[in-house]
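Participant: My questions all concern the structure below.
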Amino acid sequence: MAARINCSTSIQNSLWLLNPLNSKATTHFRNRLKFRQNLFSLSKGAMFCTCSTNNDKTNTDSTDSFVLTTPLYYVNAPPHMGSAYTTIAADAIARFQRLSGKKVVFVTGTDEHGEKIAAAAAACGSSPSEHCEVISQAYKTLWKDLDIAYDKFIRTTDPKHEEIVKEFYSRVLANGDIYKADYEGLYCINCEEYKDEKELLENHYCPIHLKPCVARKEDNYFFALSKYQKQLEETLTQNPDFVQPSFRLNEVQSWIKSGLRDFSISRASVDWGIPIPNDDKQTVYVWFDALLGYISALSENKDQPNLQTAVSSGWPASLHLIGKDILRFHAVYWPAMLMSAGLAIPKKVFGHGFLTKDGMKMGKSLGNTLEPNELVHNFGPDAVRYFFLKEVEFGNDGDYSEDRFINIVNAHLANTIGNLLNRTLGLLRKNCQSTLVVDSTIAAEGTAFKDNVEKLVENARFHYENLSLSSACEAVLEIGNAGNSYMDERAPWSLFKQGGAASETAAKDLVIILEAMRIIAIALSPVTPNLSWRI
């Protein structure tokens, strides 16, 4: 155990820049780096770097907007690493899009209605509203500690959200797509969903939560999902990029081709929810309610809440980022609901994999969660963000191991990047009085190192744009490796000892390496904002 404590401590000791506690002013990265349009280039003009606060209205070179969302997280229990992973990834994507000059609206929030919430509150001896307040605040606190720079945080108990849900429901009802009927089936309380018997495990166990589903019969309101089967099939055929990764698209197409069934959008047995506009004895089904949070979040607080105002503020979303377990709701139910209401569907739904621990999905209902607050406290937000984005191929499942976490962060951030920065600054301080003797554009002109860095930067940009976050990190790390190789090949410490022209060449080499370090900081800033800011 002593060795492990020493090893984990070494992450903070070997790279001071990683420790968020060393500088309270930058812990939450209130400033953002801002770059000209050609953000990844060694050219000094193109890479001119400044900073702006979150309130700076001139922080884009383009009027293009990019709206992305995380799921609205269910507040039956405090946040775990699975929900943190989605949000870290979304934040990295949002930061990259800001660097690219886009006007970004990053939406997150909490889903606060339903049977599970009422039960969780009762178990804690509190009211549902009190319980929601505590857990919602826990999410906000964790996002702050992880340097999540969201723009909108929506709670489904917000009155403006309730108004928009009721208006949306009424629009779908007016379109003839809601009717009342009896329903009997097997219900998973944790999924808040009726299940087909063929998708359950033995003894009617839910395959996700490994708990038995219960038989229920209710008189509910239904949404005519089956009416939109052909339209959904055509949408996926005409726009195969709507669902990503591509193997998730195959899942969705399979669900639709097997035949869509209308689904219940109300609950007679659940009091903690938004009342049905035409029947106050029932409440809106939690998913029909929560999905609309992506639209209600866009409504400005000063606006009178209504559907059209919210939609005109940024809808449709550019990207819904979700876990694969809620793909059906986002890629089948949600588009059909929007079609019924006469609204545009989101441009893309990306279903990422699960984080696993001991080979099993981590989740609140399973009781095997990895505590994100503990990870951030022990290692700092940059280490946590980097490990999960670099070591989990985005879209696939990934496993966490503490030993691997420590080894990766030490090797990549402390040794490759931190070591290159420290040794270069040490030589500059010792031999050049910490002064850059030549412009980096002039120093780097015609060098193979410059060409290599530019190529790696373009690789990083390509991978960020295509949501290949692990590959983007790898491309940036390769710049660090190239910088260390350049340093070893040029051996400026030896040239400084020779004096004269050799010393001038060594000083020029340090400028080139430090320019590469600055580019590393920019290119890695979506993933490690604190580390990048300090570099």
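Chain identifiers are assigned as A, B, and so on, following the order in which chains appear in the structure tokens; residues are numbered from 1 within each chain, and ligands are numbered from 1 in order of appearance.
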I'd like the neighbourhood of A:Leu421 as a ChimeraX atom specification, where a residue qualifies if any of its atoms comes within 9 Å (using only C-alpha atoms), though same-chain residues fewer than 2 positions away should be ignored.
Facilitator: /A:416-419,423-426,513-514,517,535
Participant: Tell me which of A:Thr69, A:Gln229, A:Thr108, A:Thr356 sits closest to A:Leu319, counting only C-alpha atoms.
Facilitator: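 Comparing A:Thr69, A:Gln229, A:Thr108, A:Thr356 against A:Leu319, the winner is A:Thr69.
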Participant: Excluding A:Ile345 and its own-chain neighbours fewer than 2 positions away, which residues fall within 8 Å of it when counting only C-alpha atoms? Please give them as a list in words.
Facilitator: Pro316, Ala317, Pro335, Leu338, Met339, Leu343 and Lys347 of chain A
Participant: Write to file, as a PDB file, in the first residue's frame, the residues of the selection just made, with all heavy atoms.
Facilitator:
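Written file, selection-v3.pdb:
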```
ATOM      1  N   PRO A 316     -32.036  22.700 -34.162  1.00  0.00           N
ATOM      2  CA  PRO A 316     -31.761  21.392 -33.553  1.00  0.00           C
ATOM      3  C   PRO A 316     -30.349  21.284 -32.998  1.00  0.00           C
ATOM      4  O   PRO A 316     -29.436  21.973 -33.456  1.00  0.00           O
ATOM      5  CB  PRO A 316     -31.950  20.438 -34.729  1.00  0.00           C
ATOM      6  CG  PRO A 316     -31.534  21.233 -35.926  1.00  0.00           C
ATOM      7  CD  PRO A 316     -32.014  22.627 -35.646  1.00  0.00           C
ATOM      8  N   ALA A 317     -30.182  20.408 -32.031  1.00  0.00           N
ATOM      9  CA  ALA A 317     -28.863  20.151 -31.453  1.00  0.00           C
ATOM     10  C   ALA A 317     -27.931  19.565 -32.506  1.00  0.00           C
ATOM     11  O   ALA A 317     -28.349  18.776 -33.355  1.00  0.00           O
ATOM     12  CB  ALA A 317     -28.987  19.193 -30.276  1.00  0.00           C
ATOM     13  N   PRO A 335     -36.708  11.192 -31.989  1.00  0.00           N
ATOM     14  CA  PRO A 335     -36.956  11.712 -33.336  1.00  0.00           C
ATOM     15  C   PRO A 335     -38.434  11.619 -33.738  1.00  0.00           C
ATOM     16  O   PRO A 335     -38.970  12.532 -34.369  1.00  0.00           O
ATOM     17  CB  PRO A 335     -36.078  10.830 -34.234  1.00  0.00           C
ATOM     18  CG  PRO A 335     -35.013  10.314 -33.340  1.00  0.00           C
ATOM     19  CD  PRO A 335     -35.659  10.147 -32.010  1.00  0.00           C
ATOM     20  N   LEU A 338     -40.395  14.370 -32.095  1.00  0.00           N
ATOM     21  CA  LEU A 338     -40.133  15.656 -32.748  1.00  0.00           C
ATOM     22  C   LEU A 338     -40.859  15.743 -34.094  1.00  0.00           C
ATOM     23  O   LEU A 338     -41.400  16.795 -34.449  1.00  0.00           O
ATOM     24  CB  LEU A 338     -38.628  15.838 -32.938  1.00  0.00           C
ATOM     25  CG  LEU A 338     -37.827  16.064 -31.653  1.00  0.00           C
ATOM     26  CD1 LEU A 338     -36.332  15.839 -31.908  1.00  0.00           C
ATOM     27  CD2 LEU A 338     -38.075  17.458 -31.093  1.00  0.00           C
ATOM     28  N   MET A 339     -40.854  14.652 -34.846  1.00  0.00           N
ATOM     29  CA  MET A 339     -41.579  14.629 -36.124  1.00  0.00           C
ATOM     30  C   MET A 339     -43.061  14.921 -35.898  1.00  0.00           C
ATOM     31  O   MET A 339     -43.687  15.670 -36.646  1.00  0.00           O
ATOM     32  CB  MET A 339     -41.412  13.261 -36.790  1.00  0.00           C
ATOM     33  CG  MET A 339     -40.016  12.980 -37.316  1.00  0.00           C
ATOM     34  SD  MET A 339     -39.833  11.233 -37.828  1.00  0.00           S
ATOM     35  CE  MET A 339     -38.108  11.196 -38.323  1.00  0.00           C
ATOM     36  N   LEU A 343     -41.095  19.441 -35.483  1.00  0.00           N
ATOM     37  CA  LEU A 343     -39.796  20.048 -35.179  1.00  0.00           C
ATOM     38  C   LEU A 343     -38.668  19.220 -35.796  1.00  0.00           C
ATOM     39  O   LEU A 343     -38.814  18.024 -36.043  1.00  0.00           O
ATOM     40  CB  LEU A 343     -39.588  20.141 -33.660  1.00  0.00           C
ATOM     41  CG  LEU A 343     -40.606  20.985 -32.893  1.00  0.00           C
ATOM     42  CD1 LEU A 343     -40.327  20.914 -31.399  1.00  0.00           C
ATOM     43  CD2 LEU A 343     -40.587  22.432 -33.373  1.00  0.00           C
ATOM     44  N   LYS A 347     -28.986  16.622 -35.173  1.00  0.00           N
ATOM     45  CA  LYS A 347     -28.138  16.289 -36.309  1.00  0.00           C
ATOM     46  C   LYS A 347     -27.383  14.971 -36.100  1.00  0.00           C
ATOM     47  O   LYS A 347     -27.105  14.255 -37.050  1.00  0.00           O
ATOM     48  CB  LYS A 347     -27.153  17.425 -36.565  1.00  0.00           C
ATOM     49  CG  LYS A 347     -27.842  18.721 -36.976  1.00  0.00           C
ATOM     50  CD  LYS A 347     -26.857  19.865 -37.110  1.00  0.00           C
ATOM     51  CE  LYS A 347     -27.578  21.170 -37.424  1.00  0.00           C
ATOM     52  NZ  LYS A 347     -26.637  22.325 -37.467  1.00  0.00           N
TER      53      LYS A 347
END
```
Participant: Show me, as a PyMOL selection string, the residues that have an atom within 12 Å of A:Asp488 when counting only C-alpha atoms, minus same-chain residues fewer than 6 positions from it.
Facilitator: chain A and resi 420+423-424+481-482+494-495+506+509-510+513
